[in-house]
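Trainee: Next comes the structure file my_file-v1.txt, holding compact mmCIF, C-alpha atoms and all ligand atoms.
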```txt
# COMPACT_ATOMS: atom_id res chain seq x y z
CA MET A 166 -12.34 46.88 -20.96
CA ILE A 167 -13.75 46.49 -17.60
CA ILE A 168 -12.72 48.78 -14.94
CA ALA A 169 -10.24 49.38 -12.26
CA PRO A 170 -10.11 48.68 -8.63
CA SER A 171 -11.13 50.82 -5.88
CA PRO A 172 -10.06 49.33 -2.67
CA ARG A 173 -12.06 52.03 -1.16
CA PRO A 174 -14.51 50.47 1.18
CA ARG A 175 -17.97 50.75 -0.24
CA ARG A 176 -20.53 51.45 2.37
CA GLU A 177 -24.25 51.45 1.96
CA VAL A 178 -24.64 55.12 2.46
CA ALA A 179 -27.25 56.47 0.17
CA ALA A 180 -25.42 59.21 -1.61
CA ASP A 181 -28.67 60.35 -3.10
CA ALA A 182 -31.47 60.52 -0.63
CA GLY A 183 -34.77 59.60 -2.13
CA SER A 184 -33.41 56.85 -4.29
CA THR A 185 -36.05 54.59 -5.73
CA VAL A 186 -33.71 51.65 -5.93
CA PRO A 187 -35.26 48.76 -4.05
CA PRO A 188 -33.38 47.88 -0.87
CA GLN A 189 -32.61 44.37 -2.02
CA GLU A 190 -30.69 45.84 -4.92
CA ILE A 191 -28.32 47.76 -2.73
CA GLU A 192 -24.77 46.74 -3.39
CA ALA A 193 -23.46 44.23 -0.99
CA GLY A 194 -21.06 46.35 0.98
CA SER A 195 -17.91 45.06 2.46
CA LEU A 196 -14.99 46.65 4.16
CA GLU A 197 -12.82 44.12 2.45
CA VAL A 198 -13.64 45.02 -1.08
CA PRO A 199 -10.38 44.65 -2.96
CA PRO A 200 -9.25 47.13 -5.54
CA ARG A 201 -11.89 47.28 -8.15
CA HIS A 202 -10.78 46.46 -11.63
CA ASP A 203 -12.05 45.59 -14.99
CA GLY A 204 -10.00 42.59 -15.87
CA GLY A 205 -7.45 44.50 -17.82
CA GLY A 206 -9.46 45.04 -20.88
CA LEU A 207 -10.85 41.59 -20.87
CA ALA A 208 -14.35 40.35 -20.67
CA ASP A 209 -12.79 37.01 -21.20
CA ASP A 210 -11.32 34.52 -18.82
CA ALA A 211 -7.65 33.74 -18.67
CA LEU A 212 -7.69 30.09 -19.55
CA ASP A 213 -6.66 30.50 -23.14
CA GLU A 214 -3.84 32.77 -22.13
CA LYS A 215 -2.51 30.17 -19.73
CA ARG A 216 -2.76 27.39 -22.25
CA ALA A 217 -1.09 29.52 -24.87
CA THR A 218 1.92 30.35 -22.80
CA ALA A 219 2.44 27.05 -21.02
CA ARG A 220 5.29 25.01 -22.43
CA PRO A 221 6.68 21.76 -21.20
CA VAL A 222 9.75 22.58 -19.17
CA ASP A 223 11.85 19.87 -20.77
CA ARG A 224 11.53 21.30 -24.23
CA ALA A 225 14.55 22.82 -25.91
CA PRO A 226 14.76 26.61 -25.65
CA LEU A 227 13.04 28.45 -28.47
CA SER A 228 15.13 30.07 -31.13
CA GLU A 229 14.98 33.86 -31.31
CA ARG A 230 12.80 33.64 -34.40
CA ASP A 231 10.39 31.21 -32.76
CA ARG A 232 10.33 33.30 -29.63
CA ARG A 233 9.37 36.37 -31.65
CA ARG A 234 6.74 34.42 -33.50
CA GLN A 235 5.29 33.08 -30.28
CA ARG A 236 5.17 36.56 -28.78
CA GLN A 237 3.44 37.92 -31.87
CA SER A 238 0.76 35.30 -31.74
CA GLU A 239 0.37 35.76 -27.98
CA LEU A 240 -0.19 39.49 -28.48
CA ALA A 241 -2.51 38.92 -31.42
CA ARG A 242 -4.73 36.73 -29.27
CA ALA A 243 -4.59 39.16 -26.36
CA SER A 244 -5.45 42.04 -28.66
CA ALA A 245 -8.40 40.21 -30.17
CA ARG A 246 -9.85 39.61 -26.75
CA VAL A 247 -9.71 43.18 -25.51
CA THR A 248 -13.22 43.95 -26.62
CA ALA A 249 -14.49 40.41 -26.96
CA PRO A 250 -17.64 40.09 -24.91
CA GLY A 251 -16.27 36.77 -23.71
CA LEU A 252 -19.72 35.69 -22.71
CA CYS A 253 -20.86 32.12 -22.89
CA GLU A 254 -24.08 31.62 -24.85
CA GLU A 255 -26.07 31.46 -21.65
CA ALA A 256 -24.71 34.76 -20.35
CA LYS A 257 -25.15 36.36 -23.75
CA ALA A 258 -28.81 35.38 -23.82
CA ALA A 259 -29.30 36.49 -20.23
CA ARG A 260 -27.72 39.85 -20.96
CA ALA A 261 -29.78 40.36 -24.10
CA THR A 262 -32.97 39.54 -22.21
CA LEU A 263 -32.07 41.91 -19.41
CA LEU A 264 -31.12 44.77 -21.72
CA ALA A 265 -34.31 44.37 -23.72
CA GLY A 266 -36.10 45.68 -20.65
CA PHE A 267 -33.82 48.73 -20.29
CA ARG A 268 -34.87 52.07 -21.61
CA THR A 269 -32.94 54.05 -24.16
CA VAL A 270 -32.04 57.62 -23.41
CA GLU A 271 -30.43 60.00 -25.89
CA PRO A 272 -29.07 62.82 -23.77
CA GLY A 273 -27.58 64.73 -26.69
CA PHE A 274 -24.11 63.30 -26.42
CA GLY A 275 -23.94 59.51 -26.63
CA SER A 276 -26.75 57.17 -25.76
CA LEU A 277 -27.65 55.30 -22.63
CA LEU A 278 -29.37 52.02 -22.03
CA ILE A 279 -30.55 52.24 -18.48
CA ASP A 280 -32.39 50.03 -16.04
CA PRO A 281 -35.87 51.55 -15.68
CA VAL A 282 -35.74 51.20 -11.89
CA LEU A 283 -33.06 53.90 -11.72
CA PRO A 284 -34.25 57.46 -11.08
CA ASP A 285 -33.94 60.27 -13.60
CA SER A 286 -31.29 61.86 -11.42
CA ILE A 287 -29.01 58.95 -12.27
CA THR A 288 -29.69 59.31 -15.96
CA ALA A 289 -28.66 62.93 -15.68
CA ARG A 290 -25.55 61.99 -13.70
CA VAL A 291 -24.45 59.47 -16.30
CA ALA A 292 -25.14 61.86 -19.17
CA ASN A 293 -23.09 64.51 -17.44
CA ALA A 294 -20.28 62.07 -16.64
CA LEU A 295 -20.18 61.08 -20.28
CA GLN A 296 -19.41 64.67 -21.23
CA VAL A 297 -16.80 64.92 -18.50
CA ALA A 298 -15.22 61.72 -19.83
CA GLN A 299 -15.04 63.13 -23.31
CA ARG A 300 -13.50 66.33 -22.04
CA VAL A 301 -10.79 64.75 -19.89
CA THR A 302 -9.79 62.24 -22.55
CA ALA A 303 -9.56 64.89 -25.28
CA GLU A 304 -5.86 65.41 -24.63
CA LEU A 305 -5.11 61.82 -25.63
CA VAL A 306 -5.84 62.28 -29.30
CA ALA A 307 -5.41 64.87 -32.01
CA SER A 308 -9.09 64.90 -32.99
CA PRO A 309 -11.27 64.03 -29.99
CA ALA A 310 -14.39 65.22 -31.79
CA ALA A 311 -13.91 62.46 -34.34
CA ILE A 312 -14.41 59.80 -31.69
CA PRO A 313 -18.05 58.73 -31.51
CA PRO A 314 -19.31 58.34 -27.96
CA PRO A 315 -19.97 54.77 -26.90
CA LEU A 316 -23.24 53.29 -25.74
CA VAL A 317 -23.34 53.30 -21.95
CA VAL A 318 -25.27 50.49 -20.30
CA VAL A 319 -26.34 51.39 -16.78
CA TYR A 320 -27.32 48.52 -14.51
CA ARG A 321 -29.24 48.90 -11.28
CA SER A 322 -26.42 47.31 -9.29
CA LEU A 323 -23.00 45.78 -9.60
CA ASN A 324 -24.54 42.42 -8.92
CA GLN A 325 -26.94 42.78 -11.80
CA MET A 326 -24.08 43.75 -14.12
CA ARG A 327 -21.88 40.90 -12.98
CA GLU A 328 -24.62 38.31 -13.24
CA VAL A 329 -24.82 38.74 -17.00
CA ALA A 330 -21.13 39.12 -17.75
CA ARG A 331 -18.16 36.91 -17.39
CA VAL A 332 -16.31 39.20 -15.10
CA ASN A 333 -14.96 38.71 -11.65
CA THR A 334 -16.41 39.91 -8.42
CA SER A 335 -14.22 42.97 -8.13
CA THR A 336 -15.29 44.29 -11.50
CA TRP A 337 -16.85 47.72 -11.25
CA GLY A 338 -17.45 48.22 -14.91
CA TYR A 339 -16.19 47.03 -18.24
CA TYR A 340 -15.81 48.01 -21.85
CA ASP A 341 -16.61 45.71 -24.73
CA GLY A 342 -17.43 48.32 -27.35
CA ALA A 343 -20.05 49.66 -24.96
CA ILE A 344 -19.41 50.82 -21.42
CA HIS A 345 -21.11 48.76 -18.74
CA LEU A 346 -21.47 50.08 -15.20
CA SER A 347 -23.72 50.25 -12.18
CA GLY A 348 -25.90 53.29 -11.62
CA ASN A 349 -26.85 52.35 -8.11
CA PRO A 350 -26.70 55.58 -6.15
CA ASN A 351 -26.05 53.56 -3.02
CA GLY A 352 -22.87 52.29 -4.62
CA GLY A 353 -21.47 55.78 -4.72
CA LEU A 354 -21.89 58.38 -7.41
CA LYS A 355 -18.24 59.37 -7.41
CA GLU A 356 -17.50 55.77 -8.34
CA LEU A 357 -19.98 55.97 -11.16
CA GLU A 358 -18.23 58.97 -12.67
CA GLU A 359 -14.79 57.57 -12.05
CA THR A 360 -15.76 54.29 -13.67
CA LEU A 361 -17.23 56.03 -16.68
CA VAL A 362 -14.08 58.09 -17.27
CA HIS A 363 -11.91 54.99 -16.78
CA GLU A 364 -13.87 52.98 -19.34
CA TYR A 365 -14.04 55.94 -21.69
CA VAL A 366 -10.25 55.95 -21.85
CA HIS A 367 -10.40 52.34 -23.06
CA HIS A 368 -12.98 53.41 -25.62
CA VAL A 369 -10.79 56.24 -26.92
CA LEU A 370 -7.76 53.99 -27.26
CA VAL A 371 -9.69 51.21 -28.98
CA GLN A 372 -11.17 53.81 -31.34
CA GLN A 373 -7.60 54.80 -32.19
CA GLY A 374 -6.81 51.17 -32.94
CA VAL A 375 -4.89 50.74 -29.69
CA ARG A 376 -5.76 47.62 -27.72
CA LEU A 377 -2.32 46.88 -26.36
CA PRO A 378 -0.15 47.44 -24.41
CA MET A 379 -2.51 46.90 -21.52
CA TRP A 380 -0.36 48.96 -19.13
CA LEU A 381 -0.93 52.00 -21.32
CA SER A 382 -4.68 51.54 -21.43
CA GLU A 383 -5.09 50.81 -17.73
CA GLY A 384 -2.49 53.28 -16.50
CA THR A 385 -3.95 56.11 -18.55
CA ALA A 386 -7.45 55.17 -17.39
CA ILE A 387 -6.38 55.29 -13.73
CA LEU A 388 -4.59 58.59 -14.28
CA LEU A 389 -7.41 60.39 -16.08
CA ALA A 390 -10.13 59.01 -13.81
CA ARG A 391 -8.06 60.38 -10.92
CA GLU A 392 -8.40 57.12 -9.08
CA THR A 393 -7.04 57.07 -5.58
CA TRP A 394 -7.69 53.47 -4.48
CA TRP A 395 -3.99 52.72 -4.79
CA ARG A 396 -3.24 55.08 -1.93
CA GLN A 397 -4.87 52.83 0.64
CA PRO A 398 -2.11 52.12 3.15
CA GLU A 399 -3.18 48.53 3.68
CA LEU A 400 -2.42 47.77 0.05
CA ALA A 401 1.17 48.90 0.60
CA LEU A 402 1.58 49.47 -3.11
CA LEU A 403 4.26 52.11 -3.07
CA PRO A 404 6.49 50.10 -0.71
CA TRP A 405 5.95 47.12 -3.00
CA ALA A 406 6.90 49.12 -6.09
CA ARG A 407 9.97 50.51 -4.35
CA SER A 408 11.21 47.02 -3.65
CA THR A 409 10.41 45.32 -6.92
CA HIS A 410 8.39 45.45 -10.10
CA LEU A 411 6.86 43.03 -12.57
CA PRO A 412 8.67 42.47 -15.88
CA PHE A 413 7.48 45.26 -18.17
CA ASP A 414 6.67 42.87 -21.01
CA SER A 415 4.26 40.99 -18.74
CA LEU A 416 2.07 44.10 -18.68
CA VAL A 417 1.69 44.21 -22.45
CA PRO A 418 -0.93 41.49 -23.00
CA ALA A 419 -4.29 41.63 -21.28
CA PHE A 420 -4.31 41.06 -17.56
CA ALA A 421 -5.66 37.63 -16.86
CA HIS A 422 -8.88 37.35 -14.93
CA ALA A 423 -7.65 34.34 -13.09
CA THR A 424 -4.84 36.40 -11.66
CA ASP A 425 -5.09 36.56 -7.90
CA GLU A 426 -6.30 39.81 -6.40
CA GLN A 427 -2.91 40.93 -5.17
CA THR A 428 -1.22 40.33 -8.51
CA ALA A 429 -4.08 42.11 -10.25
CA THR A 430 -3.61 45.08 -7.96
CA HIS A 431 0.11 45.12 -8.69
CA LEU A 432 -0.58 44.97 -12.43
CA TYR A 433 -2.89 47.98 -12.26
CA PHE A 434 -0.65 49.98 -9.97
CA GLN A 435 2.48 49.35 -12.01
CA SER A 436 0.56 50.33 -15.15
CA PHE A 437 -0.27 53.60 -13.49
CA LEU A 438 3.37 54.09 -12.52
CA MET A 439 4.60 53.39 -16.04
CA VAL A 440 2.22 55.98 -17.45
CA GLU A 441 3.17 58.41 -14.71
CA LEU A 442 6.85 57.92 -15.49
CA ILE A 443 6.21 58.81 -19.13
CA ARG A 444 4.10 61.78 -18.20
CA GLY A 445 6.66 62.99 -15.68
CA ARG A 446 9.56 62.78 -18.13
CA ALA A 447 7.92 63.74 -21.38
CA GLY A 448 4.47 65.12 -20.59
CA MET A 449 1.01 64.25 -21.86
CA GLN A 450 2.32 64.92 -25.34
CA ALA A 451 4.38 61.72 -25.11
CA LEU A 452 1.27 59.72 -24.26
CA ARG A 453 -0.60 61.27 -27.16
CA THR A 454 2.29 60.52 -29.50
CA VAL A 455 2.68 56.91 -28.47
CA ILE A 456 -1.08 56.34 -28.77
CA SER A 457 -1.00 57.77 -32.25
CA ARG A 458 2.04 55.72 -33.27
CA LEU A 459 0.60 52.52 -31.82
CA GLY A 460 -2.62 53.14 -33.70
CA GLN A 461 -0.70 53.53 -36.94
CA GLY A 462 1.42 50.48 -36.27
CA LEU A 463 4.59 52.59 -36.15
CA VAL A 464 5.64 51.16 -32.81
CA SER A 465 4.94 47.73 -31.39
CA PRO A 466 3.19 47.27 -28.02
CA ASP A 467 6.39 45.69 -26.69
CA ASP A 468 8.49 48.73 -27.62
CA ALA A 469 6.02 51.40 -26.55
CA PHE A 470 7.30 51.89 -23.00
CA SER A 471 10.87 52.46 -24.05
CA GLU A 472 9.90 54.73 -26.91
CA ALA A 473 7.42 56.85 -24.99
CA SER A 474 9.66 57.25 -21.95
CA GLY A 475 12.79 57.87 -24.00
CA ILE A 476 14.67 55.27 -21.97
CA ALA A 477 16.74 52.58 -23.69
CA PRO A 478 15.30 49.07 -23.19
CA SER A 479 18.41 47.93 -21.33
CA GLU A 480 18.04 50.81 -18.85
CA LEU A 481 14.31 50.59 -18.21
CA ASP A 482 14.57 48.42 -15.10
CA GLY A 483 17.21 50.58 -13.45
CA VAL A 484 15.68 53.94 -14.33
CA PHE A 485 12.19 52.82 -13.31
CA HIS A 486 13.46 51.47 -10.00
CA ALA A 487 15.38 54.65 -9.20
CA TRP A 488 12.43 56.84 -10.19
CA VAL A 489 9.97 54.98 -7.98
CA GLN A 490 12.16 55.60 -4.93
CA THR A 491 11.59 59.33 -5.05
CA VAL A 492 8.42 59.86 -7.04
CA SER A 493 5.64 61.94 -5.63
CA LEU A 494 2.41 60.78 -7.19
CA PRO A 495 -0.57 62.92 -8.15
ZN ZN B 501 -9.57 49.28 -17.20
```
Do you think you could lay out the structure here as structure tokens?
Mentor:
Amino acid sequence: MIIAPSPRPRREVAADAGSTVPPQEIEAGSLEVPPRHDGGGLADDALDEKRATARPVDRAPLSERDRRRQRQSELARASARVTAPGLCEEAKAARATLLAGFRTVEPGFGSLLIDPVLPDSITARVANALQVAQRVTAELVASPAAIPPPLVVVYRSLNQMREVARVNTSTWGYYDGAIHLSGNPNGGLKELEETLVHEYVHHVLVQQGVRLPMWLSEGTAILLARETWWRQPELALLPWARSTHLPFDSLVPAFAHATDEQTATHLYFQSFLMVELIRGRAGMQALRTVISRLGQGLVSPDDAFSEASGIAPSELDGVFHAWVQTVSLP
């Protein structure tokens, strides 16, 4: 759902001179903005996830059958939450009230619900970005034309978007069946387009019936949106990945919102690496195939990495580790 990090510092440079956005709506800029992200497909908080997986340490180990059952129910819950608005009643009402004042625009492809304070130039930008998003995601599916474009809700600022959603403060956009993002030109128009493509990838996968694995959805979104936040030297992500990685199965369910910023950044970056590994070994065709097979239930989210990469489960750790040492990333 929601979007991915952009540790790029966001400055208050008006990318579009002549913006009519009131000064008080300018995004609060900070040089310490952490990687932007969208909560790993979740509009929800992570409390249920934590409760679901916590087990008293003194309990007897689970049998294989129970372990499988527990994993299935964990993934079922995670899957159900991917597009769940996750809003409390109060936030739901606040969002509905806010959106009632937005204007609807039908640009020919898709439809927009846009804050009336935003200039027409932004409407045009979003409409154009929507077409770009459709074009760059076309290679993920056999029949891209069969995927209906989502509603895109364009807020006047990130703050306005975040105030009526249960998302964390580094959320730049999110997907809950509609794409939600900020159209504030002062927030950076490149970010707007990047965010739209990122969320559109989530839309395409959900339309194919693919909610999990989360690494596939986030990694593909980062790849196709051509995000570069992970390159920031201060994040030291490549050195981190060359020294260790998170267990692959921990990247299958939705990324928890409560996860600390550094862990969240690692989750997103490793997702990107996993997708890049598949693409490097087997091409975009392998991504398209695994998306199709996941959508048809022919492969489970837990088995998707091994299948798509063509690496036996027992060799995944070693092959991934060796690959990361020498990879040159796009
Ligand atoms: Zn995302």
Trainee: Pull the neighbourhood of (-7.6, 58.6, -25.7) for me: all residues within 12 Å in file coordinates, counting all atoms listed in the file, as a short mmCIF file (atom, residue, chain, number, x, y, z; two decimals) with C-alpha atoms, in the coordinates of the input.
Mentor:
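Dumped to point07.cif:
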```cif
data_model
loop_
_atom_site.label_atom_id
_atom_site.label_comp_id
_atom_site.auth_asym_id
_atom_site.auth_seq_id
_atom_site.Cartn_x
_atom_site.Cartn_y
_atom_site.Cartn_z
CA ALA A 298 -15.22 61.72 -19.83
CA GLN A 299 -15.04 63.13 -23.31
CA ARG A 300 -13.50 66.33 -22.04
CA VAL A 301 -10.79 64.75 -19.89
CA THR A 302 -9.79 62.24 -22.55
CA ALA A 303 -9.56 64.89 -25.28
CA GLU A 304 -5.86 65.41 -24.63
CA LEU A 305 -5.11 61.82 -25.63
CA VAL A 306 -5.84 62.28 -29.30
CA ALA A 307 -5.41 64.87 -32.01
CA SER A 308 -9.09 64.90 -32.99
CA PRO A 309 -11.27 64.03 -29.99
CA ALA A 310 -14.39 65.22 -31.79
CA ALA A 311 -13.91 62.46 -34.34
CA ILE A 312 -14.41 59.80 -31.69
CA PRO A 313 -18.05 58.73 -31.51
CA PRO A 314 -19.31 58.34 -27.96
CA VAL A 362 -14.08 58.09 -17.27
CA HIS A 363 -11.91 54.99 -16.78
CA GLU A 364 -13.87 52.98 -19.34
CA TYR A 365 -14.04 55.94 -21.69
CA VAL A 366 -10.25 55.95 -21.85
CA HIS A 367 -10.40 52.34 -23.06
CA HIS A 368 -12.98 53.41 -25.62
CA VAL A 369 -10.79 56.24 -26.92
CA LEU A 370 -7.76 53.99 -27.26
CA VAL A 371 -9.69 51.21 -28.98
CA GLN A 372 -11.17 53.81 -31.34
CA GLN A 373 -7.60 54.80 -32.19
CA GLY A 374 -6.81 51.17 -32.94
CA VAL A 375 -4.89 50.74 -29.69
CA ARG A 376 -5.76 47.62 -27.72
CA LEU A 381 -0.93 52.00 -21.32
CA SER A 382 -4.68 51.54 -21.43
CA GLU A 383 -5.09 50.81 -17.73
CA GLY A 384 -2.49 53.28 -16.50
CA THR A 385 -3.95 56.11 -18.55
CA ALA A 386 -7.45 55.17 -17.39
CA LEU A 388 -4.59 58.59 -14.28
CA LEU A 389 -7.41 60.39 -16.08
CA MET A 449 1.01 64.25 -21.86
CA GLN A 450 2.32 64.92 -25.34
CA LEU A 452 1.27 59.72 -24.26
CA ARG A 453 -0.60 61.27 -27.16
CA THR A 454 2.29 60.52 -29.50
CA VAL A 455 2.68 56.91 -28.47
CA ILE A 456 -1.08 56.34 -28.77
CA SER A 457 -1.00 57.77 -32.25
CA LEU A 459 0.60 52.52 -31.82
CA GLY A 460 -2.62 53.14 -33.70
#
```
Trainee: For CA of Gln296 (chain A) and CA of Ile279 (chain A), quote the distance in Å rounded to one decimal.
Mentor: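 The value is 16.9 Å.
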Trainee: With distances taken over only C-alpha atoms and all ligand atoms, which of A:Pro281, A:Pro378, A:Gly338, A:Gly445 is nearest to ligand ZN 501 (chain B)?
Mentor: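 Closest residue, counting only C-alpha atoms and all ligand atoms: A:Gly338.
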Trainee: When you count all atoms listed in the file, which of these residues is closest to Val329 (chain A): A:Ala429, A:Ala261, A:Leu295, A:Ala343?
Mentor: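 Looking at the shortest contact to Val329 (chain A), the residue is A:Ala261.
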Trainee: Restricting the calculation to all atoms listed in the file: of A:Leu377, A:Val464, A:Ala225, A:Leu400, which residue gets closest to ligand ZN 501 (chain B)?
Mentor: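 Nearest to ligand ZN 501 (chain B): A:Leu377.
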Trainee: Using only C-alpha atoms and all ligand atoms, which of A:Leu323, A:Ala241, A:Leu227, A:Met379 sits nearest ligand ZN 501 (chain B)?
Mentor: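 Among A:Leu323, A:Ala241, A:Leu227, A:Met379, it is A:Met379 that comes nearest to ligand ZN 501 (chain B).
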Trainee: So how many Å separate CA of Asp414 (chain A) and CA of Arg232 (chain A), to one decimal?
Mentor: 13.4 Å
Trainee: Which one is closest to ligand ZN 501 (chain B): A:Val317, A:Ala477, A:Val247, A:Leu278? Count only C-alpha atoms and all ligand atoms.
Mentor: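 Nearest candidate to ligand ZN 501 (chain B) out of A:Val317, A:Ala477, A:Val247, A:Leu278: A:Val247.
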Trainee: Which value, in Å to one decimal, gives the distance between CA of Thr360 (chain A) and CA of Trp337 (chain A)?
Mentor: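 Going from CA of Thr360 (chain A) over to CA of Trp337 (chain A) covers 7.1 Å.
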Trainee: Select, from A:Leu354, A:Leu346, A:Ala451, A:Ala245, the residue with the minimum atom-to-atom distance to Ser286 (chain A), counting all atoms listed in the file.
Mentor: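 Closest to Ser286 (chain A), using all atoms listed in the file: A:Leu354.
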Trainee: Please, could N, CA and C atoms be added to region 309-326 of chain A and the result written as a CSV table (one decimal), keeping the file's coordinate frame?
Mentor:
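Dumped to selection18.csv:
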```csv
chain,number,residue,atom,x,y,z
A,309,PRO,N,-10.3,64.7,-30.9
A,309,PRO,CA,-11.3,64.0,-30.0
A,309,PRO,C,-12.7,64.1,-30.5
A,310,ALA,N,-13.0,65.1,-31.3
A,310,ALA,CA,-14.4,65.2,-31.8
A,310,ALA,C,-14.7,64.1,-32.8
A,311,ALA,N,-13.7,63.5,-33.3
A,311,ALA,CA,-13.9,62.5,-34.3
A,311,ALA,C,-14.2,61.1,-33.7
A,312,ILE,N,-14.1,61.1,-32.4
A,312,ILE,CA,-14.4,59.8,-31.7
A,312,ILE,C,-15.9,59.7,-31.3
A,313,PRO,N,-16.6,58.8,-31.9
A,313,PRO,CA,-18.0,58.7,-31.5
A,313,PRO,C,-18.2,58.2,-30.1
A,314,PRO,N,-19.1,58.8,-29.3
A,314,PRO,CA,-19.3,58.3,-28.0
A,314,PRO,C,-19.9,56.9,-28.0
A,315,PRO,N,-19.5,56.1,-27.0
A,315,PRO,CA,-20.0,54.8,-26.9
A,315,PRO,C,-21.4,54.7,-26.3
A,316,LEU,N,-22.0,53.6,-26.5
A,316,LEU,CA,-23.2,53.3,-25.7
A,316,LEU,C,-22.8,53.0,-24.3
A,317,VAL,N,-23.6,53.6,-23.4
A,317,VAL,CA,-23.3,53.3,-22.0
A,317,VAL,C,-24.5,52.5,-21.4
A,318,VAL,N,-24.2,51.3,-20.9
A,318,VAL,CA,-25.3,50.5,-20.3
A,318,VAL,C,-25.2,50.6,-18.8
A,319,VAL,N,-26.3,51.1,-18.2
A,319,VAL,CA,-26.3,51.4,-16.8
A,319,VAL,C,-27.2,50.4,-16.1
A,320,TYR,N,-26.6,49.5,-15.3
A,320,TYR,CA,-27.3,48.5,-14.5
A,320,TYR,C,-27.8,49.1,-13.2
A,321,ARG,N,-28.7,48.4,-12.6
A,321,ARG,CA,-29.2,48.9,-11.3
A,321,ARG,C,-28.3,48.6,-10.1
A,322,SER,N,-27.4,47.7,-10.4
A,322,SER,CA,-26.4,47.3,-9.3
A,322,SER,C,-25.2,46.6,-9.9
A,323,LEU,N,-24.2,46.5,-9.1
A,323,LEU,CA,-23.0,45.8,-9.6
A,323,LEU,C,-23.3,44.3,-9.8
A,324,ASN,N,-24.2,43.8,-8.8
A,324,ASN,CA,-24.5,42.4,-8.9
A,324,ASN,C,-25.3,42.1,-10.2
A,325,GLN,N,-26.2,43.0,-10.6
A,325,GLN,CA,-26.9,42.8,-11.8
A,325,GLN,C,-26.0,42.8,-13.0
A,326,MET,N,-25.0,43.7,-13.0
A,326,MET,CA,-24.1,43.8,-14.1
A,326,MET,C,-23.2,42.5,-14.2
```
